[in-house]
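What follows is structure-v8.cif (mmCIF, C-alpha atoms and all ligand atoms).
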```
data_final
#
loop_
_atom_site.group_PDB
_atom_site.id
_atom_site.type_symbol
_atom_site.label_atom_id
_atom_site.label_comp_id
_atom_site.auth_asym_id
_atom_site.auth_seq_id
_atom_site.Cartn_x
_atom_site.Cartn_y
_atom_site.Cartn_z
ATOM 1 C CA MET S 556 45.604 7.069 52.598
ATOM 2 C CA ASP S 557 42.940 6.065 50.062
ATOM 3 C CA LEU S 558 40.839 9.181 49.414
ATOM 4 C CA GLN S 559 38.017 7.030 48.081
ATOM 5 C CA THR S 560 37.199 6.226 51.734
ATOM 6 C CA ILE S 561 36.194 9.889 52.232
ATOM 7 C CA LYS S 562 33.882 9.711 49.213
ATOM 8 C CA ASP S 563 32.382 6.467 50.516
ATOM 9 C CA ALA S 564 31.766 7.960 53.972
ATOM 10 C CA LEU S 565 30.123 11.006 52.355
ATOM 11 C CA ASN S 566 27.914 8.752 50.243
ATOM 12 C CA ASP S 567 26.968 6.775 53.345
ATOM 13 C CA GLY S 568 26.144 10.003 55.173
ATOM 14 C CA ASP S 569 28.559 8.964 57.924
ATOM 15 C CA ILE S 570 29.247 12.388 59.439
ATOM 16 C CA ALA S 571 31.693 11.203 62.120
ATOM 17 C CA LYS S 572 33.697 9.208 59.594
ATOM 18 C CA VAL S 573 33.868 12.105 57.116
ATOM 19 C CA ALA S 574 35.212 14.278 59.959
ATOM 20 C CA GLU S 575 37.708 11.643 61.052
ATOM 21 C CA LEU S 576 38.959 10.864 57.532
ATOM 22 C CA THR S 577 39.143 14.521 56.440
ATOM 23 C CA THR S 578 41.282 15.313 59.493
ATOM 24 C CA ALA S 579 43.407 12.204 58.908
ATOM 25 C CA ALA S 580 43.956 13.152 55.246
ATOM 26 C CA LEU S 581 45.180 16.645 56.201
ATOM 27 C CA ASP S 582 47.339 15.227 59.008
ATOM 28 C CA SER S 583 48.938 12.775 56.600
ATOM 29 C CA GLY S 584 50.103 15.691 54.449
ATOM 30 C CA ILE S 585 47.574 15.424 51.620
ATOM 31 C CA GLY S 586 47.041 18.953 50.304
ATOM 32 C CA VAL S 587 43.878 20.823 51.244
ATOM 33 C CA LYS S 588 42.979 21.301 47.545
ATOM 34 C CA LYS S 589 43.117 17.546 46.943
ATOM 35 C CA VAL S 590 40.928 16.830 49.981
ATOM 36 C CA LEU S 591 38.484 19.522 48.844
ATOM 37 C CA ASP S 592 38.300 18.019 45.336
ATOM 38 C CA THR S 593 37.636 14.618 46.930
ATOM 39 C CA LEU S 594 34.706 15.982 48.945
ATOM 40 C CA ILE S 595 33.292 17.748 45.862
ATOM 41 C CA GLY S 596 33.675 14.520 43.861
ATOM 42 C CA GLY S 597 31.812 12.643 46.610
ATOM 43 C CA MET S 598 28.986 15.182 46.492
ATOM 44 C CA ASP S 599 28.806 14.853 42.678
ATOM 45 C CA GLU S 600 28.271 11.136 43.178
ATOM 46 C CA VAL S 601 25.453 11.887 45.665
ATOM 47 C CA GLY S 602 23.938 14.214 43.036
ATOM 48 C CA ARG S 603 24.070 11.507 40.374
ATOM 49 C CA LYS S 604 22.358 8.975 42.648
ATOM 50 C CA PHE S 605 19.682 11.545 43.584
ATOM 51 C CA LYS S 606 19.037 12.250 39.902
ATOM 52 C CA ASP S 607 18.766 8.536 39.112
ATOM 53 C CA ASN S 608 16.367 7.977 42.031
ATOM 54 C CA GLU S 609 18.828 5.653 43.761
ATOM 55 C CA ILE S 610 18.625 7.840 46.883
ATOM 56 C CA PHE S 611 16.117 10.417 48.120
ATOM 57 C CA ILE S 612 16.010 13.759 49.964
ATOM 58 C CA PRO S 613 16.679 12.418 53.508
ATOM 59 C CA GLU S 614 19.866 10.672 52.348
ATOM 60 C CA VAL S 615 20.935 13.746 50.368
ATOM 61 C CA MET S 616 20.424 15.922 53.457
ATOM 62 C CA ILE S 617 22.591 13.672 55.605
ATOM 63 C CA SER S 618 25.329 13.634 52.956
ATOM 64 C CA ALA S 619 25.037 17.435 52.725
ATOM 65 C CA LYS S 620 25.503 17.642 56.510
ATOM 66 C CA ALA S 621 28.573 15.413 56.240
ATOM 67 C CA MET S 622 29.864 17.671 53.434
ATOM 68 C CA HIS S 623 29.432 20.757 55.671
ATOM 69 C CA THR S 624 31.364 18.985 58.431
ATOM 70 C CA GLY S 625 34.217 18.206 56.028
ATOM 71 C CA LEU S 626 34.246 21.782 54.689
ATOM 72 C CA ASP S 627 34.324 23.212 58.234
ATOM 73 C CA ILE S 628 37.469 21.186 58.889
ATOM 74 C CA LEU S 629 39.067 22.509 55.683
ATOM 75 C CA ALA S 630 38.017 26.150 56.265
ATOM 76 C CA PRO S 631 40.944 27.268 58.481
ATOM 77 C CA HIS S 632 43.393 25.681 56.049
ATOM 78 C CA LEU S 633 41.885 27.619 53.136
ATOM 79 C CA SER S 634 41.896 30.971 54.938
ATOM 80 C CA LYS S 635 44.884 33.207 55.327
ATOM 81 C CA SER S 636 45.052 35.760 58.095
ATOM 82 C CA GLY S 637 46.670 39.130 58.579
ATOM 83 C CA ILE S 638 46.142 40.175 54.981
ATOM 84 C CA LYS S 639 44.534 43.496 54.056
ATOM 85 C CA PRO S 640 41.134 42.615 52.507
ATOM 86 C CA LEU S 641 41.148 42.694 48.705
ATOM 87 C CA GLY S 642 37.578 43.929 48.772
ATOM 88 C CA LYS S 643 34.210 43.263 50.382
ATOM 89 C CA VAL S 644 31.759 40.703 48.985
ATOM 90 C CA GLY S 645 28.109 40.175 49.948
ATOM 91 C CA ILE S 646 27.147 36.625 48.984
ATOM 92 C CA GLY S 647 23.937 34.645 49.243
ATOM 93 C CA THR S 648 21.766 31.948 47.693
ATOM 94 C CA VAL S 649 18.832 33.680 46.022
ATOM 95 C CA LYS S 650 15.169 33.675 47.046
ATOM 96 C CA GLY S 651 13.411 30.321 46.761
ATOM 97 C CA ASP S 652 16.635 28.345 46.948
ATOM 98 C CA LEU S 653 17.922 26.500 50.035
ATOM 99 C CA HIS S 654 21.110 24.983 48.560
ATOM 100 C CA ASP S 655 24.165 26.315 50.349
ATOM 101 C CA ILE S 656 27.078 23.919 49.920
ATOM 102 C CA GLY S 657 28.417 25.562 46.747
ATOM 103 C CA LYS S 658 27.745 29.054 48.085
ATOM 104 C CA ASN S 659 29.601 28.227 51.316
ATOM 105 C CA LEU S 660 32.500 26.860 49.328
ATOM 106 C CA VAL S 661 32.702 30.006 47.205
ATOM 107 C CA ALA S 662 32.511 32.153 50.385
ATOM 108 C CA MET S 663 35.265 30.072 51.944
ATOM 109 C CA MET S 664 37.510 30.442 48.883
ATOM 110 C CA PHE S 665 36.862 34.206 48.835
ATOM 111 C CA ARG S 666 37.936 34.422 52.477
ATOM 112 C CA GLY S 667 40.958 32.262 51.742
ATOM 113 C CA ALA S 668 41.935 34.606 48.904
ATOM 114 C CA GLY S 669 41.760 37.625 51.236
ATOM 115 C CA PHE S 670 38.281 39.042 50.608
ATOM 116 C CA GLU S 671 36.071 40.209 53.459
ATOM 117 C CA VAL S 672 32.833 38.230 53.103
ATOM 118 C CA ILE S 673 29.345 38.985 54.341
ATOM 119 C CA ASP S 674 27.422 35.732 54.047
ATOM 120 C CA LEU S 675 23.703 36.434 53.737
ATOM 121 C CA GLY S 676 22.739 32.757 53.850
ATOM 122 C CA ILE S 677 20.048 31.043 51.811
ATOM 123 C CA ASP S 678 16.645 32.066 50.414
ATOM 124 C CA VAL S 679 17.825 35.676 50.390
ATOM 125 C CA PRO S 680 15.145 38.147 49.264
ATOM 126 C CA VAL S 681 15.972 40.933 46.793
ATOM 127 C CA GLU S 682 15.670 43.590 49.524
ATOM 128 C CA ARG S 683 18.383 41.971 51.668
ATOM 129 C CA PHE S 684 20.859 42.062 48.775
ATOM 130 C CA ILE S 685 19.924 45.720 48.196
ATOM 131 C CA ASP S 686 20.267 46.588 51.913
ATOM 132 C CA THR S 687 23.689 44.941 51.978
ATOM 133 C CA ALA S 688 24.744 46.885 48.888
ATOM 134 C CA THR S 689 23.565 50.162 50.441
ATOM 135 C CA ASP S 690 24.534 49.765 54.101
ATOM 136 C CA LYS S 691 27.642 47.604 54.040
ATOM 137 C CA ASP S 692 29.547 49.294 51.228
ATOM 138 C CA VAL S 693 30.325 46.030 49.437
ATOM 139 C CA ASN S 694 32.324 45.948 46.201
ATOM 140 C CA ILE S 695 30.662 42.804 44.864
ATOM 141 C CA ILE S 696 27.204 41.279 45.219
ATOM 142 C CA ALA S 697 27.629 37.537 44.558
ATOM 143 C CA MET S 698 24.629 35.276 44.005
ATOM 144 C CA SER S 699 24.297 31.517 43.895
ATOM 145 C CA SER S 700 21.411 29.496 42.443
ATOM 146 C CA LEU S 701 21.062 25.732 42.124
ATOM 147 C CA LEU S 702 17.529 25.597 40.747
ATOM 148 C CA THR S 703 16.260 26.567 37.322
ATOM 149 C CA THR S 704 13.235 27.964 39.185
ATOM 150 C CA SER S 705 15.353 30.331 41.317
ATOM 151 C CA MET S 706 17.698 31.641 38.617
ATOM 152 C CA GLY S 707 15.277 34.445 37.721
ATOM 153 C CA ALA S 708 15.717 35.938 41.191
ATOM 154 C CA MET S 709 19.268 36.901 40.167
ATOM 155 C CA ARG S 710 17.829 39.088 37.421
ATOM 156 C CA ASP S 711 15.471 40.712 39.957
ATOM 157 C CA VAL S 712 18.406 41.636 42.214
ATOM 158 C CA ILE S 713 20.435 43.099 39.337
ATOM 159 C CA GLU S 714 17.454 45.083 38.037
ATOM 160 C CA GLU S 715 16.787 46.521 41.495
ATOM 161 C CA LEU S 716 20.460 47.406 42.004
ATOM 162 C CA LYS S 717 20.344 49.164 38.633
ATOM 163 C CA LYS S 718 17.104 50.989 39.489
ATOM 164 C CA GLN S 719 18.676 52.287 42.688
ATOM 165 C CA GLY S 720 21.812 53.500 40.878
ATOM 166 C CA LEU S 721 24.052 51.100 42.805
ATOM 167 C CA LEU S 722 25.678 49.464 39.786
ATOM 168 C CA THR S 723 27.948 52.483 39.361
ATOM 169 C CA ARG S 724 29.861 51.578 42.515
ATOM 170 C CA LEU S 725 29.696 47.803 42.736
ATOM 171 C CA LYS S 726 29.877 44.727 40.512
ATOM 172 C CA THR S 727 27.656 41.655 40.429
ATOM 173 C CA MET S 728 28.585 38.056 39.871
ATOM 174 C CA VAL S 729 26.556 34.873 39.605
ATOM 175 C CA GLY S 730 27.091 31.121 39.621
ATOM 176 C CA GLY S 731 25.633 27.741 40.488
ATOM 177 C CA ALA S 732 25.054 24.487 38.624
ATOM 178 C CA PRO S 733 22.288 25.625 36.207
ATOM 179 C CA VAL S 734 23.825 29.075 35.606
ATOM 180 C CA THR S 735 25.746 29.626 32.369
ATOM 181 C CA LYS S 736 27.883 32.444 30.988
ATOM 182 C CA ASN S 737 25.120 33.200 28.454
ATOM 183 C CA PHE S 738 22.507 33.404 31.201
ATOM 184 C CA ALA S 739 24.764 35.663 33.262
ATOM 185 C CA GLU S 740 25.221 37.998 30.291
ATOM 186 C CA SER S 741 21.506 37.963 29.523
ATOM 187 C CA ILE S 742 20.643 39.267 33.002
ATOM 188 C CA GLY S 743 23.399 41.895 32.965
ATOM 189 C CA ALA S 744 25.679 40.287 35.569
ATOM 190 C CA ASP S 745 29.241 41.640 35.483
ATOM 191 C CA GLY S 746 30.743 38.237 36.134
ATOM 192 C CA TYR S 747 30.084 34.505 36.000
ATOM 193 C CA ALA S 748 32.154 31.651 37.366
ATOM 194 C CA LYS S 749 31.674 27.942 36.918
ATOM 195 C CA ASP S 750 33.312 26.848 40.181
ATOM 196 C CA ALA S 751 34.714 28.171 43.436
ATOM 197 C CA SER S 752 38.292 28.700 42.286
ATOM 198 C CA SER S 753 37.315 30.520 39.106
ATOM 199 C CA ALA S 754 34.939 32.583 41.282
ATOM 200 C CA VAL S 755 38.024 33.926 43.103
ATOM 201 C CA ASP S 756 39.716 34.827 39.799
ATOM 202 C CA LYS S 757 36.557 36.538 38.580
ATOM 203 C CA ALA S 758 36.131 38.503 41.827
ATOM 204 C CA ARG S 759 39.752 39.711 41.604
ATOM 205 C CA GLU S 760 39.133 40.784 37.991
ATOM 206 C CA LEU S 761 35.964 42.679 38.991
ATOM 207 C CA ILE S 762 37.781 44.500 41.818
ATOM 208 C CA GLY S 763 40.465 45.479 39.263
ATOM 209 C CA LEU S 764 37.745 46.868 36.965
ATOM 210 C CA LEU S 765 36.184 48.858 39.817
ATOM 211 C CA LYS S 766 39.555 50.419 40.679
ATOM 212 C CA ARG S 767 40.117 51.429 37.040
ATOM 213 C CA GLU S 768 36.634 52.946 36.799
ATOM 214 C CA LYS S 769 37.179 55.161 39.882
HETATM 215 CO CO1 LIG S 801 18.637 19.742 45.559
HETATM 216 N N1 LIG S 801 18.497 19.805 43.604
HETATM 217 N N2 LIG S 801 16.718 20.054 45.683
HETATM 218 N N3 LIG S 801 18.902 19.454 47.446
HETATM 219 N N4 LIG S 801 20.342 19.094 45.164
HETATM 220 C C1 LIG S 801 19.751 19.732 42.842
HETATM 221 C C2 LIG S 801 20.325 21.120 42.616
HETATM 222 C C3 LIG S 801 19.280 19.017 41.494
HETATM 223 C C4 LIG S 801 20.156 19.348 40.276
HETATM 224 C C5 LIG S 801 19.190 17.487 41.732
HETATM 225 C C6 LIG S 801 18.711 16.718 40.514
HETATM 226 O O1 LIG S 801 17.563 16.641 40.287
HETATM 227 N N5 LIG S 801 19.631 16.200 39.743
HETATM 228 C C7 LIG S 801 17.821 19.540 41.368
HETATM 229 C C8 LIG S 801 17.659 20.860 40.612
HETATM 230 C C9 LIG S 801 17.032 20.670 39.233
HETATM 231 C C10 LIG S 801 16.972 21.987 38.551
HETATM 232 O O2 LIG S 801 16.355 22.921 38.983
HETATM 233 N N6 LIG S 801 17.627 22.055 37.418
HETATM 234 C C11 LIG S 801 17.441 19.686 42.833
HETATM 235 C C12 LIG S 801 16.103 19.721 43.307
HETATM 236 C C13 LIG S 801 15.024 19.483 42.260
HETATM 237 C C14 LIG S 801 15.776 19.951 44.654
HETATM 238 C C15 LIG S 801 14.399 20.046 45.279
HETATM 239 C C16 LIG S 801 13.346 20.841 44.460
HETATM 240 C C17 LIG S 801 13.938 18.595 45.567
HETATM 241 C C18 LIG S 801 12.523 18.472 46.081
HETATM 242 O O3 LIG S 801 12.184 18.996 47.113
HETATM 243 N N7 LIG S 801 11.743 17.784 45.302
HETATM 244 C C19 LIG S 801 14.691 20.747 46.637
HETATM 245 C C20 LIG S 801 14.639 22.279 46.506
HETATM 246 C C21 LIG S 801 14.720 22.973 47.838
HETATM 247 C C22 LIG S 801 14.930 24.459 47.641
HETATM 248 O O4 LIG S 801 16.044 24.889 47.452
HETATM 249 N N8 LIG S 801 13.848 25.238 47.661
HETATM 250 C C23 LIG S 801 16.103 20.297 46.864
HETATM 251 C C24 LIG S 801 16.643 20.093 48.140
HETATM 252 C C25 LIG S 801 17.932 19.664 48.376
HETATM 253 C C26 LIG S 801 18.448 19.311 49.776
HETATM 254 C C27 LIG S 801 17.918 20.221 50.890
HETATM 255 C C28 LIG S 801 18.069 17.889 50.062
HETATM 256 C C29 LIG S 801 20.006 19.385 49.551
HETATM 257 C C30 LIG S 801 20.620 20.765 49.846
HETATM 258 C C31 LIG S 801 21.371 20.793 51.155
HETATM 259 C C32 LIG S 801 22.192 22.053 51.278
HETATM 260 O O5 LIG S 801 22.645 22.681 50.317
HETATM 261 N N9 LIG S 801 22.390 22.419 52.522
HETATM 262 C C33 LIG S 801 20.107 19.177 48.037
HETATM 263 C C34 LIG S 801 21.296 18.810 47.362
HETATM 264 C C35 LIG S 801 22.504 18.513 48.237
HETATM 265 C C36 LIG S 801 21.384 18.729 45.940
HETATM 266 C C37 LIG S 801 22.520 18.165 45.061
HETATM 267 C C38 LIG S 801 22.448 16.651 45.188
HETATM 268 C C39 LIG S 801 23.926 18.609 45.387
HETATM 269 C C40 LIG S 801 24.148 20.127 45.377
HETATM 270 C C41 LIG S 801 25.514 20.422 45.943
HETATM 271 O O6 LIG S 801 25.641 20.780 47.100
HETATM 272 N N10 LIG S 801 26.576 20.180 45.129
HETATM 273 C C42 LIG S 801 22.110 18.707 43.634
HETATM 274 C C43 LIG S 801 22.553 17.805 42.494
HETATM 275 C C44 LIG S 801 23.838 18.293 41.862
HETATM 276 O O7 LIG S 801 24.139 19.462 41.855
HETATM 277 N N11 LIG S 801 24.543 17.391 41.280
HETATM 278 C C45 LIG S 801 20.688 19.060 43.804
HETATM 279 C C46 LIG S 801 27.964 20.328 45.567
HETATM 280 C C47 LIG S 801 28.392 21.788 45.438
HETATM 281 C C48 LIG S 801 29.868 21.885 45.816
HETATM 282 O O8 LIG S 801 28.252 22.168 44.078
HETATM 283 O O9 LIG S 801 26.365 23.781 44.610
HETATM 284 O O10 LIG S 801 26.971 23.228 42.191
HETATM 285 P P1 LIG S 801 27.381 23.426 43.603
HETATM 286 O O11 LIG S 801 28.440 24.627 43.647
HETATM 287 C C49 LIG S 801 29.560 24.672 42.772
HETATM 288 C C50 LIG S 801 29.295 25.453 41.478
HETATM 289 O O12 LIG S 801 27.962 25.399 41.046
HETATM 290 C C51 LIG S 801 29.816 26.811 41.768
HETATM 291 O O13 LIG S 801 30.881 26.585 42.664
HETATM 292 C C52 LIG S 801 30.594 25.488 43.518
HETATM 293 C C53 LIG S 801 31.873 24.758 43.813
HETATM 294 O O14 LIG S 801 32.588 24.426 42.693
HETATM 295 N N12 LIG S 801 28.978 27.836 42.373
HETATM 296 C C54 LIG S 801 29.268 29.150 42.146
HETATM 297 C C55 LIG S 801 27.930 27.774 43.195
HETATM 298 N N13 LIG S 801 27.526 29.003 43.538
HETATM 299 C C56 LIG S 801 28.339 29.866 42.907
HETATM 300 C C57 LIG S 801 28.373 31.284 42.927
HETATM 301 C C58 LIG S 801 29.360 31.904 42.157
HETATM 302 C C59 LIG S 801 30.257 31.173 41.404
HETATM 303 C C60 LIG S 801 30.233 29.786 41.384
HETATM 304 O O15 LIG S 801 29.502 33.243 42.087
HETATM 305 C C61 LIG S 801 28.727 34.044 42.928
#
```

Re-express the file's structure as structure tokens.
Amino acid sequence: MDLQTIKDALNDGDIAKVAELTTAALDSGIGVKKVLDTLIGGMDEVGRKFKDNEIFIPEVMISAKAMHTGLDILAPHLSKSGIKPLGKVGIGTVKGDLHDIGKNLVAMMFRGAGFEVIDLGIDVPVERFIDTATDKDVNIIAMSSLLTTSMGAMRDVIEELKKQGLLTRLKTMVGGAPVTKNFAESIGADGYAKDASSAVDKARELIGLLKREK
């Protein structure tokens, strides 16, 4: 099967075709990782066209919907069951930011790796991250930002967690297209990851650190 057809369907915003081709790719024995990389590659292409003003928000939204459909089909294949959770992660896209494809992907990979995940959704205010840290006994607060204008909200969350003395029992990690390692360090985040698979490695490392600190 030619995986380019999945990218084309995603670019065309053809939700039914993305669903059909994603299922067909898995059924034909193509590995879930390869199908996932294809969908991400298709979304990168959408991003490039959006940036170059070849397409506009309505088209991007339809492609994003098609991407969600594809990811939903992959989700059960990425998740393992019957495994004792490695740790508990509260994840959300920060205040002012409605992008959720990357965040969902990271959440999905966390689940697949055996973490228990509390997905707080998008446009998450500082207080909701704090409430999750206090009430749900999470080991990691994970934040995603796709906009340069929303990145600062990650700092606000970390500062509030610090003020409330919560950083002694949990770790923070950040990511998203405009976020860099330097930025993460500058706001005092414990971890940064560039993509969803390195996010899993980083979360495992942070859980290891927490165990050693106890
Ligand atoms: Co938006 N948008 N958008 N958009 N959008 C970007 C981000 C932009 C770069 C496009 C561009 O101009 N080139 C630009 C931001 C510029 C900037 O700030 N630097 C932009 C803009 C400007 C906007 C609006 C302001 C447009 C407007 O209204 N004028 C508006 C803002 C709305 C808001 O949030 N308040 C807006 C709206 C939208 C849509 C609603 C149309 C739609 C979102 C739909 C949705 O998410 N449900 C949308 C989309 C789809 C995009 C692009 C095209 C694609 C984003 C995406 O899903 N990528 C994007 C262009 C681009 O990124 N190339 C763009 C695929 C996804 C798998 O990658 O999210 O990067 P990503 O996640 C990666 C990594 O970043 C990382 O792992 C993921 C997987 O590898 N990662 C983490 C993410 N979170 C992590 C957390 C971690 C670790 C790693 O640890 C916790």

### Task
Would you mind listing what lies within 7 Å of Val729 (chain S) as a list of chain:residue names, with all atoms listed in the file counted and same-chain residues fewer than 3 positions away left out?
S:Ala697, S:Met698, S:Ser699, S:Ala739, S:Ala744, S:Gly746, S:Tyr747, S:Ala748

Within 10 Å of Val681 (chain S) using all atoms listed in the file, minus same-chain residues under 5 positions, as a PDB file with C-alpha atoms, in the frame of the given file:
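Written output follows (part_20.pdb):
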```pdb
ATOM      1  CA  VAL S 649      18.832  33.680  46.022  1.00  0.00           C
ATOM      2  CA  LYS S 650      15.169  33.675  47.046  1.00  0.00           C
ATOM      3  CA  ASP S 686      20.267  46.588  51.913  1.00  0.00           C
ATOM      4  CA  ALA S 708      15.717  35.938  41.191  1.00  0.00           C
ATOM      5  CA  MET S 709      19.268  36.901  40.167  1.00  0.00           C
ATOM      6  CA  ARG S 710      17.829  39.088  37.421  1.00  0.00           C
ATOM      7  CA  ASP S 711      15.471  40.712  39.957  1.00  0.00           C
ATOM      8  CA  VAL S 712      18.406  41.636  42.214  1.00  0.00           C
ATOM      9  CA  ILE S 713      20.435  43.099  39.337  1.00  0.00           C
ATOM     10  CA  GLU S 714      17.454  45.083  38.037  1.00  0.00           C
ATOM     11  CA  GLU S 715      16.787  46.521  41.495  1.00  0.00           C
ATOM     12  CA  LEU S 716      20.460  47.406  42.004  1.00  0.00           C
TER      13      LEU S 716
END
```

### Task
Take the point (35.5, 43.0, 53.6) as written in the file and pick out every residue within 7 Å of it, counting all atoms listed in the file; give the list as JSON, numbers by chain.
{"S": [640, 642, 643, 644, 670, 671, 672]}

### Computed interatomic separation between atom C61 of ligand LIG 801 (chain S) and CA of Ile561 (chain S) (Å)
26.9 Å

### For CA of Thr687 (chain S) and atom N2 of ligand LIG 801 (chain S), the interatomic separation in Å (one decimal)
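Interatomic distance here is 26.6 Å.
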
### Task
Could you give me, as a list in words, the residues within 9 Å of Leu725 (chain S), counting all atoms listed in the file and dropping anything in the same chain fewer than 5 positions from it?
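The residues satisfying every condition are Ala688, Asp692, Val693, Asn694, Ile695, Ile696, Leu761, Ile762 and Leu765 of chain S.
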
Could those residues be written to a file, using C-alpha atoms, as a PDB file, in the coordinates of the input?
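This went into part-v9.pdb:
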```pdb
ATOM      1  CA  ALA S 688      24.744  46.885  48.888  1.00  0.00           C
ATOM      2  CA  ASP S 692      29.547  49.294  51.228  1.00  0.00           C
ATOM      3  CA  VAL S 693      30.325  46.030  49.437  1.00  0.00           C
ATOM      4  CA  ASN S 694      32.324  45.948  46.201  1.00  0.00           C
ATOM      5  CA  ILE S 695      30.662  42.804  44.864  1.00  0.00           C
ATOM      6  CA  ILE S 696      27.204  41.279  45.219  1.00  0.00           C
ATOM      7  CA  LEU S 761      35.964  42.679  38.991  1.00  0.00           C
ATOM      8  CA  ILE S 762      37.781  44.500  41.818  1.00  0.00           C
ATOM      9  CA  LEU S 765      36.184  48.858  39.817  1.00  0.00           C
TER      10      LEU S 765
END
```

### Message
So, with all atoms listed in the file as the atoms that count, which of S:Ile585, S:Val755, S:Leu702, S:Leu641 lies closest to ligand LIG 801 (chain S)?
### Response
S:Leu702

### Task
Within 7 Å of ligand LIG 801 (chain S), which residues show up when you count only C-alpha atoms and all ligand atoms? List them as a PyMOL selection string, please.
chain S and resi 595+598-599+601-603+605-606+612-613+615-616+619-620+646+651-658+660-661+697-704+728-733+747-751+754

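When all atoms listed in the file are used to measure the gap to Thr648 (chain S), the shortest distance among S:Pro680, S:Pro631, S:Gly720, S:Gly743 belongs to S:Pro680.
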
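When CA of Thr689 (chain S) is paired with CA of Lys718 (chain S), their separation reads 12.7 Å.
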
### Task
Run the PyMOL selection byres (((chain S and resi 568) around 9) and not hetatm) on the file and write out the hits as a PyMOL selection string.
chain S and resi 563-567+569-573+614-622

### Message
Which residue is closest to Thr560 (chain S)? Choose from S:Gly597, S:Met706, S:Gly586, S:Phe665 and count only C-alpha atoms.
### Response
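Among S:Gly597, S:Met706, S:Gly586, S:Phe665, it is S:Gly597 that comes nearest to Thr560 (chain S).
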
Kindly compute an axis-aligned box around the listed atoms of region 677-686 of chain S, allowing 5 Å on each side, and express its centre and edge lengths in Å to one decimal as lines of an AutoDock Vina configuration file.
```
center_x = 18.0
center_y = 38.8
center_z = 49.4
size_x = 15.7
size_y = 25.5
size_z = 15.1
```

### Task
Report as JSON, numbers by chain the full result of the PyMOL selection byres (((chain S and resi 629) around 9) and not hetatm) when it is applied to this structure.
{"S": [577, 578, 581, 587, 590, 591, 624, 625, 626, 627, 628, 630, 631, 632, 633, 634]}

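Considering the residues S:Asn659, S:Gln559, S:Thr735, S:Ser705 and counting all atoms listed in the file, Asp592 (chain S) has its shortest atom-to-atom contact with S:Gln559.
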
Could I get region 584-597 of chain S rebuilt with N, CA and C atoms, written as a PDB file, keeping the file's coordinate frame?
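In the end it all went to part-v2.pdb:
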```
ATOM      1  N   GLY S 584      49.350  14.843  55.386  1.00  0.00           N
ATOM      2  CA  GLY S 584      50.103  15.691  54.449  1.00  0.00           C
ATOM      3  C   GLY S 584      49.449  15.825  53.082  1.00  0.00           C
ATOM      4  N   ILE S 585      48.262  15.253  52.912  1.00  0.00           N
ATOM      5  CA  ILE S 585      47.574  15.424  51.620  1.00  0.00           C
ATOM      6  C   ILE S 585      47.109  16.880  51.553  1.00  0.00           C
ATOM      7  N   GLY S 586      47.344  17.522  50.436  1.00  0.00           N
ATOM      8  CA  GLY S 586      47.041  18.953  50.304  1.00  0.00           C
ATOM      9  C   GLY S 586      45.557  19.241  50.454  1.00  0.00           C
ATOM     10  N   VAL S 587      45.269  20.438  50.990  1.00  0.00           N
ATOM     11  CA  VAL S 587      43.878  20.823  51.244  1.00  0.00           C
ATOM     12  C   VAL S 587      43.047  20.827  49.949  1.00  0.00           C
ATOM     13  N   LYS S 588      43.689  21.233  48.835  1.00  0.00           N
ATOM     14  CA  LYS S 588      42.979  21.301  47.545  1.00  0.00           C
ATOM     15  C   LYS S 588      42.535  19.895  47.109  1.00  0.00           C
ATOM     16  N   LYS S 589      43.418  18.922  47.337  1.00  0.00           N
ATOM     17  CA  LYS S 589      43.117  17.546  46.943  1.00  0.00           C
ATOM     18  C   LYS S 589      41.972  16.992  47.800  1.00  0.00           C
ATOM     19  N   VAL S 590      41.997  17.312  49.085  1.00  0.00           N
ATOM     20  CA  VAL S 590      40.928  16.830  49.981  1.00  0.00           C
ATOM     21  C   VAL S 590      39.603  17.500  49.582  1.00  0.00           C
ATOM     22  N   LEU S 591      39.678  18.790  49.269  1.00  0.00           N
ATOM     23  CA  LEU S 591      38.484  19.522  48.844  1.00  0.00           C
ATOM     24  C   LEU S 591      37.903  18.899  47.568  1.00  0.00           C
ATOM     25  N   ASP S 592      38.770  18.628  46.588  1.00  0.00           N
ATOM     26  CA  ASP S 592      38.300  18.019  45.336  1.00  0.00           C
ATOM     27  C   ASP S 592      37.666  16.650  45.597  1.00  0.00           C
ATOM     28  N   THR S 593      38.196  15.930  46.580  1.00  0.00           N
ATOM     29  CA  THR S 593      37.636  14.618  46.930  1.00  0.00           C
ATOM     30  C   THR S 593      36.213  14.783  47.464  1.00  0.00           C
ATOM     31  N   LEU S 594      36.045  15.759  48.370  1.00  0.00           N
ATOM     32  CA  LEU S 594      34.706  15.982  48.945  1.00  0.00           C
ATOM     33  C   LEU S 594      33.720  16.405  47.834  1.00  0.00           C
ATOM     34  N   ILE S 595      34.178  17.300  46.953  1.00  0.00           N
ATOM     35  CA  ILE S 595      33.292  17.748  45.862  1.00  0.00           C
ATOM     36  C   ILE S 595      32.932  16.562  44.962  1.00  0.00           C
ATOM     37  N   GLY S 596      33.915  15.711  44.685  1.00  0.00           N
ATOM     38  CA  GLY S 596      33.675  14.520  43.861  1.00  0.00           C
ATOM     39  C   GLY S 596      32.657  13.599  44.528  1.00  0.00           C
ATOM     40  N   GLY S 597      32.761  13.470  45.851  1.00  0.00           N
ATOM     41  CA  GLY S 597      31.812  12.643  46.610  1.00  0.00           C
ATOM     42  C   GLY S 597      30.405  13.204  46.507  1.00  0.00           C
TER      43      GLY S 597
END
```
